[in-house]
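Chemist: What follows is a single structure, and I will ask about it in a moment.
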Amino acid sequence: MTEVAAAGFQPVTEDTRPTTPQAPLAPALVWLMAITCGLVVANIYYNQPLLAEIGRTFGLSESNVSLVATITQVGYTLGLLCVVPLGDKRERKGLTLMLLLCAGVCMAGAAVAPTFALLAAASLLIGIFSAVPQLLIPMAASLASDEERGRVVGKVMSGLLIGILLSRTISGYVGAHFGWRTMFWAGAGVMVVLTGILARMLPRNQPQFAGSYGSLLRSLGTLTRELPVLRRSALVGACMFAGFSAFWTTLVFFLESPAYRYGSDVAGLFGLIGASGAFAASFAGKSADTKGADYALNLGILLFLGAYVLLGFGGTHLLGLIAGVIILDIGQQMTHISNQARIFTLRPEARSRLNTVYMTTCFVGASAGSFVGGLAWVRFQWAGVCGVGLAFVVLAYLANRFYGRSEGSAALAG
């Protein structure tokens, strides 16, 4: 008997849907999950505007203190790989509350850290325990009915995106006026308050996986092998995240170049302009519900392509750059939400693991995009960055158009 059979999986196709009807989710619960995602994911980004102040506290150079941000991201990736799959094995509400409390304790630990080594250790744990949003998104998908799943996922994702965008702004203000330790104390308090609210309002959500933790992790490979739609979505997501990261990694260099001569503070303001993508997440979810995930995904790819064309030819003009950022973010969020709406229909009992495979692949793509984008900037400046972005979006289109389609057809024929 294979691992899939042992886990109770049944062969499914891209069009498989759960047959048990579900009542629509209460809007208040959807917004609570969205707000929670935003507040928890902010834990990962609070430290970025505070690095200079942290460095002065411990007498560290910029290159050394930047390890705090890197270590936190490493922790988040570890949480994605090792903790998020537990959402298919452990009762999700209890798991979420436990992680929130642990995140709060680690935030408090960072606030009182007497040495840089202890701050780095706390930062690693903050990243691991802040993987809560990647548990709540599959949970929202499992609680939603088929007809509203894309819209619900889109709304929850919009909260996460706003949290990413606003966390740096809030942290920078608090750090400048009250010190970096205050920001960590505030974050710890938010985690405690969230735990109390979710304990009362979040419904219990029992998964179906009954195997060991080892078999749970091994099933990630099984799911990847047996679901061509998952592989295709992950590949498309990786290419899109790569093109997205290539832009945001090099934007500050472009703004500081002779084309603009702006500082890093202006680059931060462009992050707020990118908030339009968060509002597009809800629209993307609705489009996936009404017209299908493929329609919304292809529209997102087209917008992403158009954004890079605009950035390539009009990026040296401020209005062109602003318009390009808005369109780029909308296209990125449309493809991301559509991909998640598509994979969450594949194996209802394995949504946390499906999200693990998808998001891990996207993180790899984002890292590759940052690296390649940086090289393109050094060698070819802005034209090279736009060329890299266009290449990645073309790869995303080709992957979505051709990869794994024959396997899906064979499964349908079988």
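Chains: A, B, ... in order of the structure tokens. Residues: from 1 per chain. Ligands: from 1, in order shown.
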Excluding Val193 (chain A) and its own-chain neighbours fewer than 3 positions away, which residues fall within 12 Å of it when counting only C-alpha atoms? Please give them as number ranges by chain.
Modeler: A: 36, 39-40, 97, 100-101, 104, 186-190, 196-200
Chemist: Since we have the selection now, will you write its residues out, keeping all heavy atoms, as a short mmCIF file (atom, residue, chain, number, x, y, z; two decimals), in the first residue's frame?
Modeler:
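Saved to selection-v3.cif:
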```cif
data_model
loop_
_atom_site.label_atom_id
_atom_site.label_comp_id
_atom_site.auth_asym_id
_atom_site.auth_seq_id
_atom_site.Cartn_x
_atom_site.Cartn_y
_atom_site.Cartn_z
N THR A 36 -5.61 38.70 11.66
CA THR A 36 -4.61 37.88 12.35
C THR A 36 -3.41 37.62 11.46
O THR A 36 -2.26 37.73 11.91
CB THR A 36 -5.24 36.54 12.77
OG1 THR A 36 -6.33 36.79 13.66
CG2 THR A 36 -4.22 35.65 13.46
N LEU A 39 -1.25 40.79 11.34
CA LEU A 39 -0.54 41.10 12.59
C LEU A 39 0.57 40.10 12.87
O LEU A 39 1.62 40.47 13.43
CB LEU A 39 -1.53 41.13 13.75
CG LEU A 39 -2.54 42.29 13.74
CD1 LEU A 39 -3.56 42.12 14.86
CD2 LEU A 39 -1.83 43.63 13.86
N VAL A 40 0.36 38.84 12.51
CA VAL A 40 1.39 37.83 12.80
C VAL A 40 2.54 37.91 11.81
O VAL A 40 3.71 37.82 12.18
CB VAL A 40 0.77 36.41 12.80
CG1 VAL A 40 1.85 35.36 13.05
CG2 VAL A 40 -0.30 36.31 13.88
N LEU A 97 -3.26 28.63 18.33
CA LEU A 97 -3.13 29.31 19.62
C LEU A 97 -1.77 29.03 20.26
O LEU A 97 -1.15 29.92 20.84
CB LEU A 97 -4.26 28.86 20.55
CG LEU A 97 -5.68 29.22 20.12
CD1 LEU A 97 -6.69 28.68 21.13
CD2 LEU A 97 -5.84 30.72 19.94
N LEU A 100 0.86 31.11 18.46
CA LEU A 100 0.77 32.53 18.81
C LEU A 100 1.40 32.81 20.17
O LEU A 100 2.12 33.79 20.35
CB LEU A 100 -0.70 32.97 18.81
CG LEU A 100 -1.37 33.15 17.44
CD1 LEU A 100 -2.84 33.46 17.62
CD2 LEU A 100 -0.68 34.25 16.65
N LEU A 101 1.12 31.95 21.14
CA LEU A 101 1.71 32.14 22.46
C LEU A 101 3.23 32.01 22.41
O LEU A 101 3.95 32.80 23.04
CB LEU A 101 1.13 31.13 23.44
CG LEU A 101 -0.27 31.43 23.99
CD1 LEU A 101 -0.74 30.29 24.88
CD2 LEU A 101 -0.27 32.76 24.76
N GLY A 104 4.65 35.11 20.95
CA GLY A 104 4.65 36.19 21.92
C GLY A 104 5.79 36.08 22.91
O GLY A 104 6.45 37.09 23.23
N ALA A 186 5.69 45.52 22.08
CA ALA A 186 4.36 45.74 21.51
C ALA A 186 3.91 44.52 20.71
O ALA A 186 2.75 44.09 20.80
CB ALA A 186 4.37 46.98 20.63
N GLY A 187 4.83 43.96 19.92
CA GLY A 187 4.49 42.77 19.15
C GLY A 187 4.12 41.60 20.05
O GLY A 187 3.19 40.84 19.75
N ALA A 188 4.83 41.45 21.17
CA ALA A 188 4.51 40.38 22.12
C ALA A 188 3.11 40.58 22.69
O ALA A 188 2.32 39.62 22.80
CB ALA A 188 5.54 40.36 23.25
N GLY A 189 2.78 41.82 23.03
CA GLY A 189 1.44 42.09 23.55
C GLY A 189 0.35 41.79 22.54
O GLY A 189 -0.71 41.24 22.89
N VAL A 190 0.60 42.12 21.28
CA VAL A 190 -0.38 41.84 20.22
C VAL A 190 -0.62 40.34 20.12
O VAL A 190 -1.77 39.89 19.94
CB VAL A 190 0.11 42.42 18.88
CG1 VAL A 190 -0.75 41.91 17.72
CG2 VAL A 190 0.07 43.95 18.91
N GLY A 196 -6.12 35.45 22.95
CA GLY A 196 -7.37 35.50 23.70
C GLY A 196 -8.58 35.64 22.79
O GLY A 196 -9.61 34.98 22.98
N ILE A 197 -8.47 36.48 21.76
CA ILE A 197 -9.60 36.70 20.85
C ILE A 197 -9.89 35.44 20.04
O ILE A 197 -11.05 35.00 19.90
CB ILE A 197 -9.32 37.89 19.92
CG1 ILE A 197 -9.24 39.19 20.74
CG2 ILE A 197 -10.39 38.00 18.83
CD1 ILE A 197 -8.80 40.39 19.93
N LEU A 198 -8.84 34.83 19.50
CA LEU A 198 -9.03 33.64 18.66
C LEU A 198 -9.52 32.46 19.48
O LEU A 198 -10.25 31.60 18.98
CB LEU A 198 -7.73 33.28 17.94
CG LEU A 198 -7.26 34.27 16.88
CD1 LEU A 198 -5.95 33.81 16.26
CD2 LEU A 198 -8.31 34.45 15.79
N ALA A 199 -9.11 32.39 20.76
CA ALA A 199 -9.58 31.30 21.62
C ALA A 199 -11.10 31.33 21.75
O ALA A 199 -11.76 30.29 21.89
CB ALA A 199 -8.93 31.41 23.00
N ARG A 200 -11.69 32.52 21.67
CA ARG A 200 -13.14 32.65 21.79
C ARG A 200 -13.86 32.54 20.45
O ARG A 200 -14.97 32.01 20.38
CB ARG A 200 -13.48 34.00 22.43
CG ARG A 200 -13.00 34.15 23.87
CD ARG A 200 -13.57 35.40 24.51
NE ARG A 200 -15.03 35.33 24.57
CZ ARG A 200 -15.80 36.29 25.05
NH1 ARG A 200 -15.24 37.40 25.51
NH2 ARG A 200 -17.11 36.15 25.07
#
```
Chemist: Skip region 64-77 of chain A itself and residues of its chain fewer than 2 positions away, then list as a list of chain:residue names all residues within 6 Å of it, counting only C-alpha atoms.
Modeler: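 Answer for this query is A:Gly55, A:Leu60, A:Ser61, A:Glu62, A:Gly79, A:Leu80, A:Ala120, A:Ser123, A:Leu124, A:Gly127, A:Ile128.
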Chemist: Quick one: residues within 12 Å of Gly389 (chain A), only C-alpha atoms counted, chain neighbours fewer than 4 positions away excluded, as a PDB file with N, CA and C atoms, in the first residue's frame?
Modeler:
```pdb
ATOM      1  N   CYS A 239       8.009  31.329 -10.695  1.00  0.00           N
ATOM      2  CA  CYS A 239       8.419  32.253 -11.756  1.00  0.00           C
ATOM      3  C   CYS A 239       7.874  33.657 -11.502  1.00  0.00           C
ATOM      4  N   MET A 240       6.626  33.739 -11.058  1.00  0.00           N
ATOM      5  CA  MET A 240       6.028  35.045 -10.785  1.00  0.00           C
ATOM      6  C   MET A 240       6.696  35.725  -9.592  1.00  0.00           C
ATOM      7  N   PHE A 241       6.955  34.958  -8.539  1.00  0.00           N
ATOM      8  CA  PHE A 241       7.641  35.531  -7.384  1.00  0.00           C
ATOM      9  C   PHE A 241       9.062  35.957  -7.748  1.00  0.00           C
ATOM     10  N   ALA A 242       9.693  35.218  -8.652  1.00  0.00           N
ATOM     11  CA  ALA A 242      11.033  35.588  -9.093  1.00  0.00           C
ATOM     12  C   ALA A 242      11.011  36.940  -9.805  1.00  0.00           C
ATOM     13  N   GLY A 243      10.060  37.113 -10.728  1.00  0.00           N
ATOM     14  CA  GLY A 243       9.952  38.388 -11.423  1.00  0.00           C
ATOM     15  C   GLY A 243       9.596  39.522 -10.481  1.00  0.00           C
ATOM     16  N   PHE A 244       8.770  39.237  -9.506  1.00  0.00           N
ATOM     17  CA  PHE A 244       8.360  40.233  -8.514  1.00  0.00           C
ATOM     18  C   PHE A 244       9.549  40.646  -7.650  1.00  0.00           C
ATOM     19  N   SER A 245      10.324  39.677  -7.186  1.00  0.00           N
ATOM     20  CA  SER A 245      11.472  39.968  -6.325  1.00  0.00           C
ATOM     21  C   SER A 245      12.576  40.690  -7.087  1.00  0.00           C
ATOM     22  N   ALA A 246      12.746  40.361  -8.361  1.00  0.00           N
ATOM     23  CA  ALA A 246      13.763  41.049  -9.161  1.00  0.00           C
ATOM     24  C   ALA A 246      13.499  42.551  -9.184  1.00  0.00           C
ATOM     25  N   PHE A 247      12.222  42.925  -9.272  1.00  0.00           N
ATOM     26  CA  PHE A 247      11.867  44.345  -9.283  1.00  0.00           C
ATOM     27  C   PHE A 247      12.130  44.985  -7.924  1.00  0.00           C
ATOM     28  N   TRP A 248      11.571  44.405  -6.853  1.00  0.00           N
ATOM     29  CA  TRP A 248      11.646  45.055  -5.546  1.00  0.00           C
ATOM     30  C   TRP A 248      13.055  45.051  -4.968  1.00  0.00           C
ATOM     31  N   THR A 249      13.875  44.063  -5.359  1.00  0.00           N
ATOM     32  CA  THR A 249      15.255  44.035  -4.876  1.00  0.00           C
ATOM     33  C   THR A 249      16.069  45.178  -5.464  1.00  0.00           C
ATOM     34  N   THR A 250      15.803  45.538  -6.712  1.00  0.00           N
ATOM     35  CA  THR A 250      16.627  46.532  -7.408  1.00  0.00           C
ATOM     36  C   THR A 250      15.995  47.919  -7.441  1.00  0.00           C
ATOM     37  N   ILE A 301      -1.177  37.085 -15.197  1.00  0.00           N
ATOM     38  CA  ILE A 301       0.057  36.984 -15.992  1.00  0.00           C
ATOM     39  C   ILE A 301       0.103  38.091 -17.038  1.00  0.00           C
ATOM     40  N   PHE A 304       0.924  41.364 -15.356  1.00  0.00           N
ATOM     41  CA  PHE A 304       2.329  41.345 -14.953  1.00  0.00           C
ATOM     42  C   PHE A 304       3.224  41.641 -16.154  1.00  0.00           C
ATOM     43  N   LEU A 305       2.895  41.027 -17.289  1.00  0.00           N
ATOM     44  CA  LEU A 305       3.659  41.260 -18.520  1.00  0.00           C
ATOM     45  C   LEU A 305       3.551  42.723 -18.935  1.00  0.00           C
ATOM     46  N   GLY A 306       2.316  43.248 -18.914  1.00  0.00           N
ATOM     47  CA  GLY A 306       2.131  44.644 -19.285  1.00  0.00           C
ATOM     48  C   GLY A 306       2.862  45.594 -18.364  1.00  0.00           C
ATOM     49  N   ALA A 307       2.923  45.246 -17.079  1.00  0.00           N
ATOM     50  CA  ALA A 307       3.617  46.097 -16.117  1.00  0.00           C
ATOM     51  C   ALA A 307       5.099  46.203 -16.452  1.00  0.00           C
ATOM     52  N   TYR A 308       5.718  45.083 -16.791  1.00  0.00           N
ATOM     53  CA  TYR A 308       7.143  45.128 -17.103  1.00  0.00           C
ATOM     54  C   TYR A 308       7.416  45.835 -18.425  1.00  0.00           C
ATOM     55  N   VAL A 309       6.515  45.725 -19.381  1.00  0.00           N
ATOM     56  CA  VAL A 309       6.662  46.499 -20.618  1.00  0.00           C
ATOM     57  C   VAL A 309       6.600  47.991 -20.294  1.00  0.00           C
ATOM     58  N   LEU A 310       5.639  48.374 -19.454  1.00  0.00           N
ATOM     59  CA  LEU A 310       5.514  49.776 -19.061  1.00  0.00           C
ATOM     60  C   LEU A 310       6.738  50.243 -18.286  1.00  0.00           C
ATOM     61  N   LEU A 311       7.235  49.414 -17.369  1.00  0.00           N
ATOM     62  CA  LEU A 311       8.414  49.781 -16.594  1.00  0.00           C
ATOM     63  C   LEU A 311       9.648  49.903 -17.481  1.00  0.00           C
ATOM     64  N   GLY A 312       9.724  49.041 -18.491  1.00  0.00           N
ATOM     65  CA  GLY A 312      10.875  49.080 -19.377  1.00  0.00           C
ATOM     66  C   GLY A 312      10.923  50.332 -20.226  1.00  0.00           C
ATOM     67  N   LEU A 328       1.943  45.857 -11.572  1.00  0.00           N
ATOM     68  CA  LEU A 328       2.767  44.693 -11.225  1.00  0.00           C
ATOM     69  C   LEU A 328       2.221  44.005  -9.979  1.00  0.00           C
ATOM     70  N   GLN A 332       0.623  40.277  -9.754  1.00  0.00           N
ATOM     71  CA  GLN A 332       1.229  39.284  -8.867  1.00  0.00           C
ATOM     72  C   GLN A 332       0.202  38.682  -7.926  1.00  0.00           C
ATOM     73  N   ALA A 366      11.512  33.352  -5.360  1.00  0.00           N
ATOM     74  CA  ALA A 366      11.777  34.725  -4.938  1.00  0.00           C
ATOM     75  C   ALA A 366      13.268  34.948  -4.689  1.00  0.00           C
ATOM     76  N   ALA A 368      15.751  33.278  -6.054  1.00  0.00           N
ATOM     77  CA  ALA A 368      16.421  33.266  -7.359  1.00  0.00           C
ATOM     78  C   ALA A 368      16.208  34.590  -8.085  1.00  0.00           C
ATOM     79  N   GLY A 369      14.989  35.130  -7.999  1.00  0.00           N
ATOM     80  CA  GLY A 369      14.710  36.392  -8.666  1.00  0.00           C
ATOM     81  C   GLY A 369      15.523  37.539  -8.097  1.00  0.00           C
ATOM     82  N   SER A 370      15.675  37.567  -6.774  1.00  0.00           N
ATOM     83  CA  SER A 370      16.489  38.608  -6.154  1.00  0.00           C
ATOM     84  C   SER A 370      17.937  38.522  -6.613  1.00  0.00           C
ATOM     85  N   VAL A 372      19.197  36.983  -9.427  1.00  0.00           N
ATOM     86  CA  VAL A 372      19.346  37.277 -10.859  1.00  0.00           C
ATOM     87  C   VAL A 372      19.074  38.753 -11.139  1.00  0.00           C
ATOM     88  N   GLY A 373      18.073  39.317 -10.465  1.00  0.00           N
ATOM     89  CA  GLY A 373      17.788  40.732 -10.650  1.00  0.00           C
ATOM     90  C   GLY A 373      18.964  41.602 -10.255  1.00  0.00           C
ATOM     91  N   GLY A 374      19.629  41.244  -9.145  1.00  0.00           N
ATOM     92  CA  GLY A 374      20.806  41.996  -8.715  1.00  0.00           C
ATOM     93  C   GLY A 374      21.929  41.936  -9.736  1.00  0.00           C
ATOM     94  N   ALA A 376      21.551  41.389 -12.943  1.00  0.00           N
ATOM     95  CA  ALA A 376      21.106  42.135 -14.127  1.00  0.00           C
ATOM     96  C   ALA A 376      21.307  43.632 -13.925  1.00  0.00           C
ATOM     97  N   TRP A 377      21.049  44.118 -12.707  1.00  0.00           N
ATOM     98  CA  TRP A 377      21.240  45.543 -12.453  1.00  0.00           C
ATOM     99  C   TRP A 377      22.714  45.939 -12.582  1.00  0.00           C
ATOM    100  N   TRP A 382      18.703  49.194 -15.447  1.00  0.00           N
ATOM    101  CA  TRP A 382      17.260  49.015 -15.397  1.00  0.00           C
ATOM    102  C   TRP A 382      16.733  48.172 -16.558  1.00  0.00           C
ATOM    103  N   ALA A 383      17.334  48.332 -17.733  1.00  0.00           N
ATOM    104  CA  ALA A 383      16.901  47.540 -18.888  1.00  0.00           C
ATOM    105  C   ALA A 383      17.111  46.057 -18.623  1.00  0.00           C
ATOM    106  N   GLY A 384      18.195  45.722 -17.953  1.00  0.00           N
ATOM    107  CA  GLY A 384      18.454  44.324 -17.637  1.00  0.00           C
ATOM    108  C   GLY A 384      17.449  43.768 -16.645  1.00  0.00           C
ATOM    109  N   VAL A 385      17.077  44.574 -15.648  1.00  0.00           N
ATOM    110  CA  VAL A 385      16.085  44.136 -14.667  1.00  0.00           C
ATOM    111  C   VAL A 385      14.747  43.868 -15.359  1.00  0.00           C
ATOM    112  N   VAL A 393       8.163  36.120 -16.479  1.00  0.00           N
ATOM    113  CA  VAL A 393       6.723  36.057 -16.717  1.00  0.00           C
ATOM    114  C   VAL A 393       6.418  35.211 -17.949  1.00  0.00           C
ATOM    115  N   VAL A 394       7.295  35.218 -18.931  1.00  0.00           N
ATOM    116  CA  VAL A 394       7.118  34.336 -20.094  1.00  0.00           C
ATOM    117  C   VAL A 394       7.244  32.878 -19.668  1.00  0.00           C
ATOM    118  N   LEU A 395       8.203  32.582 -18.802  1.00  0.00           N
ATOM    119  CA  LEU A 395       8.334  31.220 -18.280  1.00  0.00           C
ATOM    120  C   LEU A 395       7.076  30.804 -17.515  1.00  0.00           C
ATOM    121  N   ALA A 396       6.510  31.748 -16.745  1.00  0.00           N
ATOM    122  CA  ALA A 396       5.285  31.451 -16.008  1.00  0.00           C
ATOM    123  C   ALA A 396       4.148  31.118 -16.967  1.00  0.00           C
TER     124      ALA A 396
END
```
Chemist: Pick out the closest residue to Pro348 (chain A) from this set: A:Gly163, A:Gly214, A:Pro138, A:Gly315. Count only C-alpha atoms.
Modeler: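 Closest to Pro348 (chain A) of all the choices is A:Pro138.
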Chemist: Closest to Glu91 (chain A) among A:Gln206, A:Thr224, A:Thr316, A:Ser352, using only C-alpha atoms?
Modeler: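 Ranked by minimum distance to Glu91 (chain A), first place goes to A:Gln206.
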Chemist: Which residues, written as a list in words, have at least one atom at most 9 Å from Ala141 (chain A), with only C-alpha atoms counted and residues fewer than 5 positions away on the same chain left out?
Modeler: Leu136, Asp146, Glu148, Arg149, Gly150, Val152, Val153, Ala341, Phe344, Thr345, Pro348 and Arg351 of chain A
Chemist: Given the choices A:Arg204, A:His336, A:Arg353, A:Arg168, which gets closest to Ala238 (chain A) if the distance is worked out from only C-alpha atoms?
Modeler: A:His336
Chemist: Quote the spacing between CA of Cys37 (chain A) and CA of Thr96 (chain A) in Å to one decimal place.
Modeler: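 Between these atoms lies a distance of 11.1 Å.
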Chemist: Closest to Ile343 (chain A) among A:Glu147, A:Asp294, A:Asp329, A:Glu256, using only C-alpha atoms?
Modeler: A:Asp294
Chemist: Extract, using only C-alpha atoms, all DNA, RNA and protein residues at most 8 Å from Pro207 (chain A), discarding same-chain residues fewer than 2 positions from it, and format them as a list in words.
Modeler: Gly87, Asp88, Lys89, Arg90, Glu91, Arg92, Asn205, Phe209 and Glu349 of chain A
Chemist: Grab the residues selected above and save them as an mmCIF file, in the first residue's frame with N, CA, C and O atoms.
Modeler:
```cif
data_model
loop_
_atom_site.group_PDB
_atom_site.id
_atom_site.type_symbol
_atom_site.label_atom_id
_atom_site.label_comp_id
_atom_site.auth_asym_id
_atom_site.auth_seq_id
_atom_site.Cartn_x
_atom_site.Cartn_y
_atom_site.Cartn_z
ATOM 1 N N GLY A 87 -0.773 21.309 10.203
ATOM 2 C CA GLY A 87 -2.163 21.721 10.056
ATOM 3 C C GLY A 87 -3.052 20.641 9.486
ATOM 4 O O GLY A 87 -4.286 20.712 9.607
ATOM 5 N N ASP A 88 -2.453 19.627 8.855
ATOM 6 C CA ASP A 88 -3.224 18.486 8.354
ATOM 7 C C ASP A 88 -3.281 17.337 9.362
ATOM 8 O O ASP A 88 -3.938 16.326 9.105
ATOM 9 N N LYS A 89 -2.583 17.483 10.502
ATOM 10 C CA LYS A 89 -2.529 16.399 11.486
ATOM 11 C C LYS A 89 -3.096 16.825 12.841
ATOM 12 O O LYS A 89 -3.804 16.059 13.495
ATOM 13 N N ARG A 90 -2.791 18.044 13.260
ATOM 14 C CA ARG A 90 -3.244 18.557 14.556
ATOM 15 C C ARG A 90 -4.471 19.438 14.379
ATOM 16 O O ARG A 90 -4.639 20.088 13.356
ATOM 17 N N GLU A 91 -5.311 19.471 15.397
ATOM 18 C CA GLU A 91 -6.474 20.360 15.347
ATOM 19 C C GLU A 91 -5.978 21.799 15.169
ATOM 20 O O GLU A 91 -5.141 22.286 15.926
ATOM 21 N N ARG A 92 -6.507 22.483 14.151
ATOM 22 C CA ARG A 92 -5.880 23.715 13.687
ATOM 23 C C ARG A 92 -6.041 24.873 14.671
ATOM 24 O O ARG A 92 -5.140 25.716 14.789
ATOM 25 N N ASN A 205 -11.197 23.068 14.004
ATOM 26 C CA ASN A 205 -11.103 22.557 12.635
ATOM 27 C C ASN A 205 -10.208 21.325 12.653
ATOM 28 O O ASN A 205 -8.993 21.428 12.658
ATOM 29 N N PHE A 209 -5.617 13.599 8.737
ATOM 30 C CA PHE A 209 -4.419 12.770 8.653
ATOM 31 C C PHE A 209 -4.177 12.069 9.979
ATOM 32 O O PHE A 209 -4.158 12.708 11.037
ATOM 33 N N GLU A 349 -8.205 17.203 2.311
ATOM 34 C CA GLU A 349 -7.623 16.746 3.574
ATOM 35 C C GLU A 349 -6.142 17.088 3.695
ATOM 36 O O GLU A 349 -5.525 16.845 4.735
#
```
Chemist: Measure the distance from CA of Val132 (chain A) to CA of Ala111 (chain A) in Å and round it to one decimal.
Modeler: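 Result for CA of Val132 (chain A) versus CA of Ala111 (chain A): 20.9 Å, one decimal.
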Chemist: What separation in Å, quoted to one decimal, exists between CA of Trp180 (chain A) and CA of Leu50 (chain A)?
Modeler: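 Computing the Euclidean distance for CA of Trp180 (chain A) and CA of Leu50 (chain A) yields 6.0 Å.
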Chemist: Would you pick out the contacts of Tyr397 (chain A) at 9 Å or less, using only C-alpha atoms, so that residues sharing its chain but fewer than 4 positions from it are not included, and give the list as a PyMOL selection string?
Modeler: chain A and resi 236+298+301-302+392-393+401-402
Chemist: Could you pull the residues within 9 Å of region 170-177 of chain A, counting only C-alpha atoms, minus those fewer than 3 positions along the same chain, as a PyMOL selection string?
Modeler: chain A and resi 45-50+53+166-167+180-183
Chemist: Which one is closest to Val378 (chain A): A:Tyr295, A:Tyr358, A:Phe253, A:Phe283? Count only C-alpha atoms.
Modeler: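 For Val378 (chain A), the nearest of the given residues is A:Phe253.
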Chemist: For Lys155 (chain A), which residue out of A:Gln333, A:Gln381, A:Ser215, A:Asn339 is the nearest one, using only C-alpha atoms?
Modeler: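 Closest to Lys155 (chain A) of all the choices is A:Gln333.
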Chemist: For the structure I just gave you, how does DSSP split region 177-231 of chain A - specifically, which residues are alpha helix (DSSP H)? Reply as a ChimeraX atom specification.
Modeler: /A:177-178,180-201,213-226,228-231
